[in-house]
Amino acid sequence: MSPDPNLPVVRRLFKLIFSLLIIGGAGFWLISAPTHLDEAKLAATAPGDVTRGQGIFWQGGCASCHAAPGATGDARLVLSGGEELVTPFGTFVTPNISPSKQGIADWSLSDFANAMTHGVSPDGRHYYPAFPYTSYARMQLQDIADLHAFMKTLPPSDNVAGPHKLSFPFTVRRGIGLWKRLYLSDQPVLEIANASEAIRRGQYLVEGPGHCGECHTPRNAIGGPDKTLWLAGAKAPEGKGVVPNITGGEGGIDSWSAQDISYALESGFTPDFDSLGGSMADVVQNMSHLQASDRDAIAAYLKAIPAHPNGYPAAQ
């Protein structure tokens, strides 16, 4: 029997395909690798200040996701985790971040800062962006150091939060490295010309620790925020209902004065004698702990940003 004349061609094709797979896999592994912060910058921070850290704790809303579901009062300071966040990508379960062995007792400041700004765990894995590190990446390292110091003073919990409930391909954490290349940045979302000191402070709080854009900005099919509709409102992350437009555009809060916004963040009451409900009720619990000047700064920023019509259609 004579050899198949096409066999050498098939072999060369097979080798080419195999080589391309190897190169593609290596390229994916390299560009999806976790990145870390500049340790020299972290070393330049002062020792964490517990008092300042307490204020940053409320700015960041840590208790909203990491306190036990339904916790009130001082129980909100026990960050035992266990809250289930139901999203189109699956159900994420918030971890224990109390100062216990099951939480962050063994985390160094470097571990904590890398988690906050780069979404990387102490053992080098990508965190899912249900943890809003895409906003926390804009935080000042000194604020992160202060927050770390405060969190070390909180009551420990030995709760072990359950695993996330995800399906393939979302179980492949390495792919988050590609997502981060698109959406993780420490740069401000907006450039506001001639911004006052209050507006700049409000921008830092809203775009950074307050992470308001995580819920109030519509997202695309892969969960990336559409910054062209910054704070224009979106479908609720849980898939039911909507998160409102908080710009001055149609359907937004143009009729609210800065004083109205600041008061609503403190009290939960709106200018039309209604009250903020849903997840915003929990946000108000956090915001009520802020200094009045910070709530005023948030209001000043929201009155200064571009107006957009409701972002709900873009989120559907």
# chains A, B, ... in the order shown; residues from 1 in each chain; ligands from 1

$ residues_around --residues "range 269-275 of chain A" --least-positions-apart "6" --cutoff "12 Å" --atoms "only C-alpha atoms" --output "ChimeraX atom specification"
/A:253-263,281,284,288

$ residues_around --residues "range 193-196 of chain A" --least-positions-apart "6" --cutoff "9 Å" --atoms "only C-alpha atoms" --output "PyMOL selection string"
chain A and resi 300-301+304

$ residues_around --residues "Thr117 in chain A" --least-positions-apart "6" --cutoff "12 Å" --atoms "only C-alpha atoms" --output "ChimeraX atom specification"
/A:34-38,42,109-111,126-127,129,131-141,143-145,180,184-187,208-209

$ write_last_selection --atoms "N, CA and C atoms" --output "short mmCIF file (atom, residue, chain, number, x, y, z; two decimals), in the first residue's frame"
data_model
loop_
_atom_site.label_atom_id
_atom_site.label_comp_id
_atom_site.auth_asym_id
_atom_site.auth_seq_id
_atom_site.Cartn_x
_atom_site.Cartn_y
_atom_site.Cartn_z
N PRO A 34 -2.30 38.11 37.86
CA PRO A 34 -2.58 39.17 38.83
C PRO A 34 -1.44 40.18 38.90
N THR A 35 -1.79 41.43 39.08
CA THR A 35 -0.79 42.48 39.28
C THR A 35 -0.87 42.96 40.73
N HIS A 36 0.20 43.58 41.20
CA HIS A 36 0.28 44.01 42.59
C HIS A 36 0.72 45.47 42.67
N LEU A 37 0.43 46.07 43.81
CA LEU A 37 0.78 47.48 43.98
C LEU A 37 2.28 47.65 44.20
N ASP A 38 2.72 48.88 44.06
CA ASP A 38 4.11 49.25 44.28
C ASP A 38 4.38 49.28 45.78
N LEU A 42 3.52 51.89 49.30
CA LEU A 42 2.85 51.47 50.53
C LEU A 42 3.75 51.71 51.74
N LEU A 109 -0.62 44.52 55.96
CA LEU A 109 -1.14 45.70 55.26
C LEU A 109 -0.99 45.51 53.75
N SER A 110 0.10 44.90 53.33
CA SER A 110 0.30 44.64 51.90
C SER A 110 -0.79 43.73 51.35
N ASP A 111 -1.14 42.67 52.08
CA ASP A 111 -2.22 41.78 51.65
C ASP A 111 -3.52 42.55 51.49
N HIS A 126 -7.19 35.98 41.71
CA HIS A 126 -8.07 37.11 41.41
C HIS A 126 -9.33 37.01 42.26
N TYR A 127 -9.75 38.15 42.82
CA TYR A 127 -11.07 38.22 43.43
C TYR A 127 -12.09 38.57 42.33
N PRO A 129 -15.13 40.64 40.78
CA PRO A 129 -15.45 42.07 40.97
C PRO A 129 -16.80 42.33 41.62
N PHE A 131 -16.72 42.14 44.61
CA PHE A 131 -15.96 42.94 45.57
C PHE A 131 -15.55 44.21 44.80
N PRO A 132 -16.01 45.38 45.21
CA PRO A 132 -15.86 46.58 44.37
C PRO A 132 -14.46 47.21 44.35
N TYR A 133 -13.45 46.37 44.10
CA TYR A 133 -12.08 46.91 44.05
C TYR A 133 -11.86 47.81 42.85
N THR A 134 -12.75 47.75 41.84
CA THR A 134 -12.62 48.67 40.72
C THR A 134 -12.85 50.12 41.16
N SER A 135 -13.56 50.31 42.25
CA SER A 135 -13.70 51.64 42.85
C SER A 135 -12.62 51.87 43.91
N TYR A 136 -12.40 50.90 44.75
CA TYR A 136 -11.40 51.06 45.82
C TYR A 136 -10.00 51.30 45.26
N ALA A 137 -9.78 50.92 44.00
CA ALA A 137 -8.47 51.17 43.37
C ALA A 137 -8.13 52.65 43.33
N ARG A 138 -9.14 53.52 43.45
CA ARG A 138 -8.91 54.97 43.41
C ARG A 138 -8.65 55.54 44.80
N MET A 139 -8.64 54.70 45.81
CA MET A 139 -8.43 55.19 47.18
C MET A 139 -6.96 55.51 47.43
N GLN A 140 -6.74 56.47 48.30
CA GLN A 140 -5.39 56.80 48.73
C GLN A 140 -4.87 55.69 49.63
N LEU A 141 -3.59 55.35 49.46
CA LEU A 141 -3.01 54.27 50.25
C LEU A 141 -3.04 54.57 51.75
N ASP A 143 -5.41 56.12 53.33
CA ASP A 143 -6.77 55.77 53.78
C ASP A 143 -6.90 54.26 53.95
N ILE A 144 -6.29 53.50 53.05
CA ILE A 144 -6.35 52.05 53.15
C ILE A 144 -5.60 51.56 54.38
N ALA A 145 -4.46 52.19 54.67
CA ALA A 145 -3.71 51.84 55.88
C ALA A 145 -4.52 52.14 57.14
N LYS A 180 -10.02 42.65 34.12
CA LYS A 180 -9.37 43.75 34.83
C LYS A 180 -8.62 44.68 33.87
N LEU A 184 -10.22 47.84 35.28
CA LEU A 184 -9.57 48.22 36.55
C LEU A 184 -8.60 49.37 36.30
N SER A 185 -8.87 50.50 36.94
CA SER A 185 -8.02 51.69 36.77
C SER A 185 -8.07 52.52 38.03
N ASP A 186 -6.95 53.16 38.35
CA ASP A 186 -6.92 54.04 39.52
C ASP A 186 -7.18 55.50 39.13
N GLN A 187 -7.53 55.74 37.87
CA GLN A 187 -7.76 57.11 37.41
C GLN A 187 -9.20 57.56 37.68
N GLY A 208 -14.43 56.57 44.68
CA GLY A 208 -13.52 55.69 45.38
C GLY A 208 -14.21 54.88 46.47
N PRO A 209 -14.02 55.24 47.74
CA PRO A 209 -14.55 54.40 48.82
C PRO A 209 -16.06 54.21 48.77
#

$ residues_around --residues "Ala232 in chain A" --least-positions-apart "6" --cutoff "12 Å" --atoms "only C-alpha atoms" --output "MDAnalysis selection string"
chainID A and resid 212:219 225:226 242:254 302 305:315

$ write_last_selection --atoms "C-alpha atoms" --output "PDB file, in the first residue's frame"
ATOM      1  CA  CYS A 212     -21.575  54.515  44.076  1.00  0.00           C
ATOM      2  CA  GLY A 213     -20.951  53.728  40.424  1.00  0.00           C
ATOM      3  CA  GLU A 214     -20.916  49.995  41.101  1.00  0.00           C
ATOM      4  CA  CYS A 215     -24.716  49.982  41.358  1.00  0.00           C
ATOM      5  CA  HIS A 216     -25.815  53.286  39.810  1.00  0.00           C
ATOM      6  CA  THR A 217     -24.037  52.826  36.450  1.00  0.00           C
ATOM      7  CA  PRO A 218     -25.340  50.398  33.792  1.00  0.00           C
ATOM      8  CA  ARG A 219     -23.190  47.435  32.801  1.00  0.00           C
ATOM      9  CA  PRO A 225     -19.554  49.589  33.674  1.00  0.00           C
ATOM     10  CA  ASP A 226     -20.658  51.919  30.870  1.00  0.00           C
ATOM     11  CA  VAL A 242     -33.751  49.268  39.135  1.00  0.00           C
ATOM     12  CA  VAL A 243     -31.153  51.438  40.805  1.00  0.00           C
ATOM     13  CA  PRO A 244     -32.110  55.079  40.185  1.00  0.00           C
ATOM     14  CA  ASN A 245     -30.478  57.722  38.053  1.00  0.00           C
ATOM     15  CA  ILE A 246     -28.605  60.122  40.360  1.00  0.00           C
ATOM     16  CA  THR A 247     -27.533  62.605  37.683  1.00  0.00           C
ATOM     17  CA  GLY A 248     -29.465  65.714  36.695  1.00  0.00           C
ATOM     18  CA  GLY A 249     -30.852  64.085  33.549  1.00  0.00           C
ATOM     19  CA  GLU A 250     -34.397  62.979  32.781  1.00  0.00           C
ATOM     20  CA  GLY A 251     -35.598  60.650  35.507  1.00  0.00           C
ATOM     21  CA  GLY A 252     -32.774  61.764  37.779  1.00  0.00           C
ATOM     22  CA  ILE A 253     -32.437  64.162  40.692  1.00  0.00           C
ATOM     23  CA  ASP A 254     -32.197  67.512  38.907  1.00  0.00           C
ATOM     24  CA  LEU A 302     -23.535  64.911  42.129  1.00  0.00           C
ATOM     25  CA  ILE A 305     -21.483  65.776  37.007  1.00  0.00           C
ATOM     26  CA  PRO A 306     -22.873  65.455  33.439  1.00  0.00           C
ATOM     27  CA  ALA A 307     -26.604  64.808  33.225  1.00  0.00           C
ATOM     28  CA  HIS A 308     -27.768  61.590  31.581  1.00  0.00           C
ATOM     29  CA  PRO A 309     -31.207  60.148  30.847  1.00  0.00           C
ATOM     30  CA  ASN A 310     -32.064  56.958  32.672  1.00  0.00           C
ATOM     31  CA  GLY A 311     -29.553  54.228  32.023  1.00  0.00           C
ATOM     32  CA  TYR A 312     -32.083  51.442  32.539  1.00  0.00           C
ATOM     33  CA  PRO A 313     -32.587  50.641  28.814  1.00  0.00           C
ATOM     34  CA  ALA A 314     -28.828  50.292  28.346  1.00  0.00           C
ATOM     35  CA  ALA A 315     -28.748  47.826  31.204  1.00  0.00           C
TER      36      ALA A 315
END

$ closest_residue --among "A:Trp107, A:Lys227, A:Gly278, A:Arg200" --to "Ala297 in chain A" --atoms "only C-alpha atoms"
A:Arg200

$ residues_around --residues "Pro163 in chain A" --least-positions-apart "4" --cutoff "9 Å" --atoms "only C-alpha atoms" --output "ChimeraX atom specification"
/A:92-95

$ write_last_selection --atoms "N, CA and C atoms" --output "short mmCIF file (atom, residue, chain, number, x, y, z; two decimals), in the first residue's frame"
data_model
loop_
_atom_site.label_atom_id
_atom_site.label_comp_id
_atom_site.auth_asym_id
_atom_site.auth_seq_id
_atom_site.Cartn_x
_atom_site.Cartn_y
_atom_site.Cartn_z
N PHE A 92 -22.71 35.19 44.49
CA PHE A 92 -21.46 35.41 45.19
C PHE A 92 -21.75 35.50 46.69
N VAL A 93 -20.93 34.86 47.48
CA VAL A 93 -21.11 34.85 48.94
C VAL A 93 -20.00 35.67 49.56
N THR A 94 -20.38 36.68 50.33
CA THR A 94 -19.36 37.57 50.90
C THR A 94 -18.57 36.86 51.99
N PRO A 95 -17.26 37.08 52.03
CA PRO A 95 -16.42 36.37 52.99
C PRO A 95 -16.38 37.03 54.37
#

$ closest_residue --among "A:Leu154, A:Leu147, A:Ile199, A:Met280" --to "Ala236 in chain A" --atoms "only C-alpha atoms"
A:Met280

$ closest_residue --among "A:Tyr183, A:Phe170, A:Tyr204, A:Trp230" --to "Pro88 in chain A" --atoms "only C-alpha atoms"
A:Phe170

$ select_by_dssp --residues "range 4-247 of chain A" --states "helix (DSSP H, G or I)" --output "PyMOL selection string"
chain A and resi 7-31+39-43+50-60+62-66+73-77+109-118+133-136+141-151+173-183+197-207+213-216+227-229

$ atom_distance --atom1 "CA of Gly277 in chain A" --atom2 "CA of Leu229 in chain A"
23.1 Å

$ residues_around --residues "Ile56 in chain A" --least-positions-apart "3" --cutoff "10 Å" --atoms "only C-alpha atoms" --output "JSON, numbers by chain"
{"A": [50, 51, 52, 53, 59, 60, 61, 62, 143, 144, 146, 147, 148, 150, 205, 209, 210, 289, 290]}

$ atom_distance --atom1 "CA of Gln142 in chain A" --atom2 "CA of Ala44 in chain A"
8.8 Å

$ atom_distance --atom1 "CA of Ile104 in chain A" --atom2 "CA of Asp282 in chain A"
23.7 Å

$ select_by_dssp --residues "range 100-220 of chain A" --states "strand (DSSP E or B)" --output "MDAnalysis selection string"
chainID A and resid 120 126 165:166 219
